[in-house]
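Structure file run-v1.cif with mmCIF, C-alpha atoms:
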```cif
data_structure
loop_
_atom_site.label_atom_id
_atom_site.label_comp_id
_atom_site.auth_asym_id
_atom_site.auth_seq_id
_atom_site.Cartn_x
_atom_site.Cartn_y
_atom_site.Cartn_z
CA MET H 25 58.54 6.15 17.50
CA ARG H 26 61.50 8.77 19.34
CA PRO H 27 64.54 9.09 20.53
CA LEU H 28 68.09 11.71 22.60
CA SER H 29 73.41 17.82 27.61
CA VAL H 30 72.21 18.98 24.34
CA LEU H 31 74.10 19.08 21.08
CA SER H 32 73.59 20.57 17.67
CA ILE H 33 73.47 17.89 15.01
CA ALA H 34 76.77 17.46 13.27
CA ALA H 35 77.20 16.25 9.75
CA LEU H 36 77.20 12.46 9.74
CA GLN H 37 80.34 10.88 8.42
CA ALA H 38 80.09 8.29 5.67
CA LEU H 39 80.09 4.77 7.03
CA VAL H 40 82.70 2.47 5.57
CA ILE H 41 81.10 -0.94 5.22
CA ALA H 42 83.33 -3.92 5.89
CA SER H 43 83.11 -7.39 4.43
CA PRO H 44 80.94 -9.94 6.23
CA GLN H 45 84.10 -11.54 7.61
CA SER H 46 85.33 -8.37 9.30
CA LEU H 47 84.97 -7.37 12.92
CA PRO H 48 81.76 -5.71 14.11
CA LEU H 49 81.50 -2.06 13.24
CA SER H 50 80.59 0.94 15.30
CA ILE H 51 78.22 3.49 13.80
CA PRO H 52 78.94 7.09 14.83
CA LEU H 53 75.93 8.84 16.34
CA ALA H 54 75.15 12.54 16.14
CA LYS H 55 72.45 14.37 18.02
CA LYS H 56 69.90 17.04 17.26
CA SER H 57 68.16 18.89 20.06
CA THR H 58 65.24 21.26 19.83
CA LEU H 59 64.45 21.55 23.53
CA LYS H 60 66.11 24.97 23.75
CA THR H 61 65.01 28.43 22.77
CA ALA H 62 66.91 30.51 20.22
CA ASP H 63 68.95 32.16 23.00
CA GLY H 64 70.18 28.79 24.26
CA HIS H 65 67.91 28.49 27.30
CA VAL H 66 65.94 25.34 28.05
CA ASP H 67 62.33 25.69 26.95
CA PRO H 68 59.93 24.30 29.62
CA VAL H 69 57.09 24.19 27.08
CA SER H 70 59.16 21.92 24.82
CA ILE H 71 60.12 19.75 27.79
CA ARG H 72 56.47 19.30 28.74
CA ALA H 73 55.65 18.38 25.14
CA HIS H 74 58.50 15.87 25.22
CA ILE H 75 57.10 14.31 28.40
CA SER H 76 53.64 14.05 26.80
CA SER H 77 55.18 12.48 23.71
CA THR H 78 56.93 9.84 25.81
CA GLU H 79 53.69 9.04 27.62
CA ALA H 80 51.88 8.63 24.31
CA LYS H 81 54.65 6.44 22.88
CA LEU H 82 54.42 4.02 25.79
CA GLN H 83 50.65 3.96 25.52
CA ARG H 84 50.84 3.02 21.84
CA GLY H 85 53.47 0.38 22.51
CA ALA H 86 51.35 -1.12 25.27
CA ALA H 87 48.35 -1.22 22.92
CA ALA H 88 50.43 -2.94 20.21
CA PHE H 89 51.71 -5.44 22.78
CA LYS H 90 48.15 -6.28 23.83
CA ARG H 91 47.10 -6.64 20.18
CA ASN H 92 50.10 -8.83 19.27
CA THR H 93 50.25 -11.04 22.37
CA GLY H 94 46.82 -10.86 24.00
CA THR H 95 48.41 -9.94 27.34
CA THR H 96 49.03 -6.72 29.27
CA LEU H 97 52.48 -5.14 29.10
CA PHE H 98 52.51 -3.07 32.28
CA SER H 99 51.25 -4.18 35.69
CA ARG H 100 49.70 -0.77 36.35
CA PRO H 101 47.71 0.75 33.45
CA LEU H 102 49.12 3.88 31.90
CA SER H 103 47.02 7.01 32.24
CA LYS H 104 45.54 8.39 29.05
CA CYS H 105 45.16 12.12 28.60
CA ALA H 106 43.22 13.40 25.62
CA ALA H 107 45.45 16.44 25.42
CA THR H 108 48.60 14.38 24.91
CA SER H 109 47.59 11.11 23.30
CA GLY H 110 48.94 10.56 19.82
CA SER H 111 52.09 12.63 20.10
CA ASP H 112 55.40 10.85 19.66
CA PRO H 113 58.89 11.98 20.57
CA LEU H 114 60.61 10.57 17.52
CA VAL H 115 58.52 12.53 15.09
CA ASP H 116 57.98 15.60 17.24
CA ASP H 117 60.10 18.71 16.61
CA LYS H 118 60.24 19.40 20.34
CA ASN H 119 62.34 16.30 21.06
CA GLU H 120 65.91 15.11 20.94
CA ARG H 121 67.14 12.39 18.61
CA TRP H 122 70.25 10.29 18.08
CA TYR H 123 71.10 9.85 14.41
CA GLY H 124 73.17 7.12 12.78
CA THR H 125 73.37 5.50 9.35
CA ILE H 126 71.95 2.38 7.74
CA GLU H 127 72.09 0.87 4.25
CA VAL H 128 69.10 -0.57 2.43
CA GLY H 129 68.51 -2.37 -0.89
CA THR H 130 70.48 -3.99 -3.69
CA PRO H 131 72.61 -2.12 -4.49
CA LEU H 132 72.92 -0.69 -1.00
CA GLN H 133 71.91 2.94 -0.43
CA THR H 134 72.81 4.89 2.72
CA PHE H 135 70.25 6.69 4.89
CA THR H 136 70.32 8.54 8.20
CA ILE H 137 68.06 7.03 10.82
CA ASP H 138 66.84 7.95 14.26
CA CYS H 139 68.05 5.13 16.55
CA ASP H 140 65.30 4.45 19.09
CA THR H 141 65.35 1.68 21.69
CA GLY H 142 61.82 2.72 22.65
CA SER H 143 60.10 1.44 19.47
CA ALA H 144 60.42 -1.52 17.10
CA ASP H 145 59.52 -0.47 13.54
CA PHE H 146 61.61 0.88 10.65
CA PHE H 147 60.44 3.32 7.99
CA LEU H 148 61.91 5.50 5.25
CA PRO H 149 60.51 8.05 2.77
CA GLY H 150 59.51 6.54 -0.57
CA PRO H 151 59.65 7.89 -4.14
CA SER H 152 56.10 9.28 -4.05
CA CYS H 153 56.51 10.90 -0.66
CA GLY H 154 55.87 14.44 -1.91
CA ASP H 155 57.23 17.87 -1.09
CA ALA H 156 57.60 17.14 2.63
CA CYS H 157 60.35 14.66 1.77
CA SER H 158 62.43 17.30 0.01
CA GLY H 159 65.83 17.22 1.67
CA HIS H 160 65.47 13.59 2.74
CA GLU H 161 67.24 10.73 1.02
CA VAL H 162 64.47 8.72 -0.66
CA TYR H 163 64.34 4.93 -0.76
CA ASN H 164 62.92 3.53 -4.00
CA PRO H 165 62.03 -0.18 -3.79
CA ASN H 166 61.77 -0.31 -7.59
CA SER H 167 65.51 0.38 -7.76
CA SER H 168 66.36 -2.52 -5.45
CA SER H 169 66.49 -6.03 -6.88
CA SER H 170 65.93 -7.51 -3.40
CA ALA H 171 62.79 -5.50 -2.51
CA GLU H 172 59.47 -7.31 -2.23
CA ALA H 173 56.07 -5.70 -1.70
CA LEU H 174 54.02 -7.20 1.14
CA GLY H 175 50.72 -5.85 -0.19
CA ARG H 176 49.95 -4.15 3.11
CA LYS H 177 49.56 -0.49 4.05
CA PHE H 178 50.85 1.29 7.12
CA THR H 179 49.78 4.61 8.60
CA VAL H 180 51.16 6.43 11.59
CA GLU H 181 49.20 9.45 12.83
CA TYR H 182 49.71 11.75 15.78
CA ALA H 183 47.60 14.32 17.57
CA ASP H 184 50.19 17.04 16.89
CA GLY H 185 49.43 16.70 13.16
CA SER H 186 52.43 14.61 12.13
CA MET H 187 51.71 11.64 9.91
CA ALA H 188 53.39 9.06 7.67
CA THR H 189 51.61 6.59 5.45
CA GLY H 190 52.65 4.16 2.78
CA ASP H 191 53.31 0.50 1.96
CA LEU H 192 55.17 -2.30 3.67
CA TYR H 193 58.05 -4.00 1.89
CA THR H 194 60.87 -6.37 2.71
CA ASP H 195 64.43 -5.73 1.58
CA THR H 196 68.06 -6.28 2.48
CA VAL H 197 69.29 -4.00 5.25
CA SER H 198 72.90 -3.51 6.38
CA LEU H 199 73.56 -2.21 9.88
CA GLY H 200 77.16 -1.83 10.97
CA GLY H 201 78.27 -3.98 8.04
CA PHE H 202 75.97 -6.90 8.91
CA LYS H 203 73.19 -7.76 6.48
CA ALA H 204 69.63 -8.76 7.27
CA THR H 205 67.57 -10.15 4.41
CA ALA H 206 63.81 -9.77 3.98
CA GLN H 207 63.63 -7.06 6.65
CA THR H 208 60.18 -5.48 6.95
CA LEU H 209 60.17 -1.72 6.48
CA GLY H 210 57.62 0.97 5.82
CA VAL H 211 58.02 2.94 2.59
CA ALA H 212 56.21 6.23 3.09
CA SER H 213 54.20 7.72 0.25
CA LEU H 214 53.49 10.78 2.40
CA TYR H 215 55.26 12.61 5.19
CA SER H 216 53.41 15.44 6.87
CA TYR H 217 55.11 18.80 7.40
CA GLU H 218 56.21 17.70 10.87
CA LEU H 219 58.39 15.01 9.25
CA SER H 220 59.93 17.38 6.71
CA SER H 221 63.70 17.78 6.71
CA ASP H 222 63.42 21.13 8.52
CA GLN H 223 61.56 19.48 11.39
CA PHE H 224 62.93 15.92 11.40
CA GLY H 225 66.60 15.75 10.50
CA ALA H 226 66.90 12.00 9.86
CA ASP H 227 65.58 10.34 6.73
CA GLY H 228 63.70 7.71 8.71
CA LEU H 229 63.44 5.89 12.01
CA MET H 230 64.80 2.54 13.21
CA GLY H 231 63.25 1.00 16.31
CA MET H 232 65.39 -1.40 18.36
CA ALA H 233 62.87 -2.88 20.81
CA PHE H 234 61.01 -6.21 20.62
CA GLU H 235 58.60 -7.50 17.98
CA SER H 236 55.73 -7.61 20.46
CA ILE H 237 55.33 -3.79 20.31
CA SER H 238 55.70 -3.62 16.50
CA LYS H 239 52.79 -2.07 14.67
CA TYR H 240 53.92 -4.09 11.64
CA GLY H 241 53.98 -7.33 13.64
CA ALA H 242 57.60 -7.78 12.51
CA ASN H 243 61.09 -8.04 13.96
CA SER H 244 63.19 -4.94 14.40
CA VAL H 245 66.30 -4.72 12.21
CA PHE H 246 68.57 -5.97 14.96
CA GLN H 247 66.21 -8.78 15.94
CA THR H 248 66.28 -9.91 12.30
CA LEU H 249 70.09 -9.86 12.30
CA VAL H 250 70.07 -12.08 15.38
CA SER H 251 67.46 -14.50 14.06
CA GLN H 252 69.43 -14.92 10.83
CA GLY H 253 72.73 -15.46 12.64
CA ALA H 254 74.22 -12.44 10.91
CA VAL H 255 76.00 -10.96 13.95
CA PRO H 256 78.81 -12.58 15.97
CA GLU H 257 77.02 -11.87 19.24
CA PRO H 258 73.32 -11.11 19.80
CA VAL H 259 74.05 -7.73 21.39
CA PHE H 260 74.26 -4.08 20.50
CA ALA H 261 75.78 -1.39 22.68
CA LEU H 262 75.54 2.37 22.98
CA LYS H 263 77.66 5.22 24.15
CA LEU H 264 75.69 8.48 24.25
CA ALA H 265 77.86 11.42 25.17
CA SER H 266 79.00 14.90 24.21
CA SER H 267 81.64 13.29 21.97
CA GLY H 268 82.44 9.85 20.65
CA SER H 269 78.85 8.63 20.67
CA GLU H 270 78.31 5.36 18.83
CA LEU H 271 76.10 2.37 18.21
CA ARG H 272 78.10 -0.88 18.31
CA VAL H 273 76.56 -3.81 16.44
CA GLY H 274 77.26 -7.46 17.29
CA SER H 275 79.65 -6.84 20.20
CA VAL H 276 80.71 -4.30 22.79
CA ASN H 277 83.52 -1.78 22.37
CA SER H 278 85.90 -2.56 25.24
CA ALA H 279 87.67 0.78 24.79
CA LEU H 280 84.58 2.68 25.88
CA TYR H 281 83.95 1.21 29.34
CA LYS H 282 85.83 -0.01 32.39
CA GLY H 283 85.09 -2.67 34.94
CA SER H 284 82.31 -5.21 34.61
CA PHE H 285 78.75 -4.90 33.41
CA ALA H 286 75.94 -4.85 35.93
CA TYR H 287 73.20 -6.87 34.25
CA THR H 288 69.50 -6.77 34.95
CA PRO H 289 67.03 -9.05 33.13
CA VAL H 290 64.31 -7.76 30.86
CA THR H 291 61.10 -8.25 32.80
CA GLN H 292 58.77 -8.07 29.79
CA GLN H 293 59.86 -8.42 26.17
CA GLY H 294 58.16 -5.39 24.70
CA TYR H 295 60.27 -2.40 25.58
CA TRP H 296 63.70 -2.81 27.14
CA GLN H 297 61.96 -2.93 30.51
CA VAL H 298 64.00 -3.79 33.59
CA ALA H 299 63.73 -3.77 37.38
CA GLY H 300 65.80 -1.16 39.19
CA ASP H 301 67.02 -1.35 42.77
CA ALA H 302 66.97 2.20 44.09
CA ILE H 303 67.24 5.93 43.38
CA GLU H 304 69.08 8.15 45.87
CA ILE H 305 69.49 11.90 46.14
CA ASN H 306 72.23 13.37 48.34
CA GLY H 307 72.65 10.00 50.05
CA THR H 308 68.95 9.52 50.86
CA GLU H 309 67.13 6.62 49.26
CA VAL H 310 63.89 8.00 47.86
CA VAL H 311 62.78 5.17 45.58
CA LYS H 312 63.33 1.49 46.37
CA GLY H 313 62.46 -1.15 43.79
CA PHE H 314 61.09 0.26 40.54
CA SER H 315 60.29 -0.74 36.96
CA ALA H 316 62.00 1.22 34.18
CA VAL H 317 62.16 1.38 30.39
CA VAL H 318 65.60 2.09 28.92
CA ASP H 319 64.86 4.52 26.09
CA THR H 320 67.25 6.44 23.85
CA GLY H 321 64.23 8.36 22.54
CA THR H 322 63.64 10.16 25.82
CA ALA H 323 65.83 13.08 26.83
CA LEU H 324 65.21 13.06 30.58
CA ILE H 325 64.64 10.62 33.40
CA LEU H 326 60.88 10.42 33.92
CA GLY H 327 58.94 9.05 36.86
CA ASP H 328 55.53 9.26 38.45
CA THR H 329 54.87 12.81 39.64
CA SER H 330 54.45 11.80 43.28
CA TYR H 331 57.81 10.01 43.40
CA VAL H 332 59.61 12.80 41.59
CA SER H 333 58.09 15.42 43.89
CA GLN H 334 59.25 13.38 46.88
CA LEU H 335 62.73 13.12 45.41
CA TYR H 336 63.05 16.87 44.95
CA GLN H 337 61.74 17.63 48.44
CA ALA H 338 65.21 16.84 49.75
CA ILE H 339 66.72 19.88 48.00
CA ASN H 340 65.92 23.50 47.21
CA VAL H 341 63.89 23.41 44.00
CA THR H 342 61.07 25.33 42.35
CA ASP H 343 58.19 23.47 40.77
CA ILE H 344 57.56 25.37 37.52
CA GLY H 345 54.66 23.10 36.54
CA GLY H 346 54.04 20.18 34.27
CA GLY H 347 56.47 17.93 36.12
CA VAL H 348 59.44 20.25 35.47
CA TYR H 349 61.65 21.52 38.31
CA ALA H 350 64.16 24.38 38.49
CA LEU H 351 67.04 24.76 40.92
CA PRO H 352 70.18 26.87 41.37
CA CYS H 353 72.69 26.07 38.64
CA ASN H 354 75.50 25.82 41.20
CA ALA H 355 73.60 23.46 43.52
CA MET H 356 73.05 20.28 41.54
CA PRO H 357 72.34 17.32 43.84
CA ASN H 358 74.21 14.02 43.95
CA VAL H 359 71.88 11.46 42.33
CA THR H 360 72.62 7.76 42.05
CA ILE H 361 70.60 5.03 40.36
CA THR H 362 71.22 1.43 41.35
CA LEU H 363 70.72 -1.30 38.74
CA GLY H 364 71.83 -4.91 38.94
CA GLY H 365 73.33 -4.26 42.37
CA THR H 366 75.62 -1.47 41.13
CA SER H 367 75.13 2.23 41.81
CA PHE H 368 75.71 4.70 38.99
CA GLU H 369 76.13 8.37 39.83
CA LEU H 370 74.72 11.04 37.53
CA SER H 371 77.29 13.69 36.71
CA THR H 372 76.45 17.32 37.43
CA GLU H 373 76.77 18.01 33.72
CA THR H 374 74.12 15.47 32.75
CA PHE H 375 71.70 16.15 35.62
CA ASN H 376 71.78 19.87 34.82
CA PHE H 377 69.50 19.92 31.79
CA GLY H 378 70.32 23.53 30.98
CA THR H 379 69.77 27.15 31.93
CA TYR H 380 66.19 28.24 32.55
CA ASN H 381 66.78 31.79 33.80
CA SER H 382 70.38 32.99 33.49
CA SER H 383 69.77 36.17 35.43
CA ALA H 384 68.55 34.18 38.40
CA ASN H 385 71.20 31.44 37.98
CA THR H 386 68.40 28.89 37.59
CA CYS H 387 68.64 25.59 35.73
CA ILE H 388 66.31 22.68 34.96
CA GLY H 389 66.75 19.36 36.77
CA GLY H 390 67.18 16.26 34.63
CA ILE H 391 64.46 14.25 36.38
CA ALA H 392 60.88 15.20 35.55
CA GLY H 393 57.45 14.04 36.69
CA SER H 394 54.70 12.48 34.61
CA ASP H 395 51.08 11.63 35.34
CA GLY H 396 50.77 9.30 32.35
CA LEU H 397 53.37 6.57 32.96
CA GLY H 398 51.75 4.60 35.75
CA ASP H 399 54.50 3.08 37.88
CA GLN H 400 57.04 3.07 35.05
CA TRP H 401 60.23 5.08 35.13
CA ILE H 402 61.95 6.04 31.89
CA LEU H 403 65.74 6.01 31.88
CA GLY H 404 66.56 8.40 29.06
CA ASP H 405 69.58 10.49 28.10
CA VAL H 406 70.14 12.05 31.51
CA PHE H 407 70.96 8.56 32.79
CA LEU H 408 72.34 6.91 29.65
CA ARG H 409 75.02 9.57 29.13
CA ASN H 410 76.64 8.35 32.36
CA VAL H 411 77.02 4.70 31.39
CA TYR H 412 77.99 2.36 28.58
CA THR H 413 74.92 0.26 27.86
CA VAL H 414 74.69 -3.17 26.25
CA PHE H 415 71.35 -4.55 25.05
CA ASP H 416 71.67 -8.33 25.14
CA VAL H 417 69.02 -9.89 22.91
CA GLY H 418 70.36 -13.42 23.37
CA ASN H 419 69.98 -13.36 27.14
CA THR H 420 67.15 -10.77 27.24
CA ARG H 421 68.96 -8.47 29.63
CA VAL H 422 70.50 -5.00 29.76
CA GLY H 423 73.98 -4.33 31.11
CA PHE H 424 75.46 -1.08 32.40
CA ALA H 425 79.11 -0.23 32.92
CA GLU H 426 81.12 2.82 33.90
CA LEU H 427 82.37 4.88 30.98
CA ALA H 428 86.10 4.71 30.32
#
```

Conversion result in structure tokens:
Amino acid sequence: MRPLSVLSIAALQALVIASPQSLPLSIPLAKKSTLKTADGHVDPVSIRAHISSTEAKLQRGAAAFKRNTGTTLFSRPLSKCAATSGSDPLVDDKNERWYGTIEVGTPLQTFTIDCDTGSADFFLPGPSCGDACSGHEVYNPNSSSSAEALGRKFTVEYADGSMATGDLYTDTVSLGGFKATAQTLGVASLYSYELSSDQFGADGLMGMAFESISKYGANSVFQTLVSQGAVPEPVFALKLASSGSELRVGSVNSALYKGSFAYTPVTQQGYWQVAGDAIEINGTEVVKGFSAVVDTGTALILGDTSYVSQLYQAINVTDIGGGVYALPCNAMPNVTITLGGTSFELSTETFNFGTYNSSANTCIGGIAGSDGLGDQWILGDVFLRNVYTVFDVGNTRVGFAELA
């Protein structure tokens, strides 16, 4: 369940909801990061925990896909490590998250949500959530005339101790001014300490992937909007950057990109999983033909340890363990990722994940290795902050364009 340079979370601005006849709305996104130490340096321990959380999230999604469809999601099985299974980046304090707003119920009530393209389910704290929900905005289905109980329980548990449990309901949900009716959501009767407002800044989480990885066996909020014909176009788009970040619902924001989109089809409707063409470093092609999940809930670019090690061999780096690499802050490489026949260069600012040792002028590289992802790459923030991304539900494809 997730999320996603590194920013302190800013206060979210109130979202002005337009009438159903108005143009699509953009939802401002703010970001919270806890991958740094108190002195502002990148924390390798937190990064390794984030990598483990991402591995565990994909493992759970693959298990849900198998349960829901009877087929296997990934061609190469994901490795399972007892030490990391059960953790999840969107409910783990050591991760980065993109926060937006959503409205739920009749009358509508506004909540902050973690926007995660790497999961599919939606949950909020309920009225009996307990002390851990202090500081969160609480959703009370008894105060909504459109809420309906489904008579089913949900529980989400993680090896790091975080947990949410409660009941499933349906209710009206408004995202970007567009309303979905009878949307399935989890109403938590208990948040563990790890989901308290001190640890998890959003009220709840909204997954934006496909139904086939839903633990509820239900459509995501956006999938419901599409199925009900509530949006003008079956797309949502994201700009993730140091400023002006937004989620666009029902269209793209032409002011935020230039040129044409490079589209690549979704290869399996579980995650937003696509086929990439190549990854180059300093002009040398290191990876040719790869499978990747586009995930706003992952801070870095992740790949199999052997490929990542090979990629970094071309430059002067130090392996500091756990798939994390350090290099001189003034010697960031030129990295390009080719998708849909178009190459996108990673800026120095985004590839440089932050200072590791200021006295030695050492920084952390934005690509990290993982032993638990099989042959999957994860295109997280380090990539997504360089492009404007459109998630096309209607044509089951993802498009990337150069930022304006």

Would you mind listing what lies within 8 Å of region 335-344 of chain H as number ranges by chain, with only C-alpha atoms counted and same-chain residues fewer than 3 positions away left out? H: 305-306, 310-311, 331-332, 347-352, 357

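Taking CA of Pro165 (chain H) as the reference point, CA of Leu132 (chain H) is found at 11.3 Å.
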
Kindly resolve the PyMOL selection byres ((chain H and resi 392) around 9) on the present coordinates and return the residues as a list in words.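 Listing what the PyMOL selection byres ((chain H and resi 392) around 9) selects in the shown file: Ile75, Leu324, Ile325, Leu326, Gly327, Asp328, Thr329, Val332, Ser333, Gly346, Gly347, Val348, Tyr349, Gly389, Gly390, Ile391, Gly393 and Ser394 of chain H.
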
Where does the PyMOL selection byres ((chain H and resi 166-174) around 10) land in this file, that is, which residues does it pick, as number ranges by chain? H: 128-133, 151, 163-165, 175-177, 191-197, 205-209, 211

Picked residues, the PyMOL selection byres ((chain H and resi 224-241) around 8), as a PyMOL selection string: chain H and resi 25+56+85-89+92-93+114-117+123+135-149+160-162+178+208+218-223+242-247+293-296

Quick one: distance from CA of Gly398 (chain H) to CA of Ala261 (chain H) in Å, one decimal? 28.0 Å

CA of Thr322 (chain H) sits from CA of Asp155 (chain H) at a separation of 28.7 Å
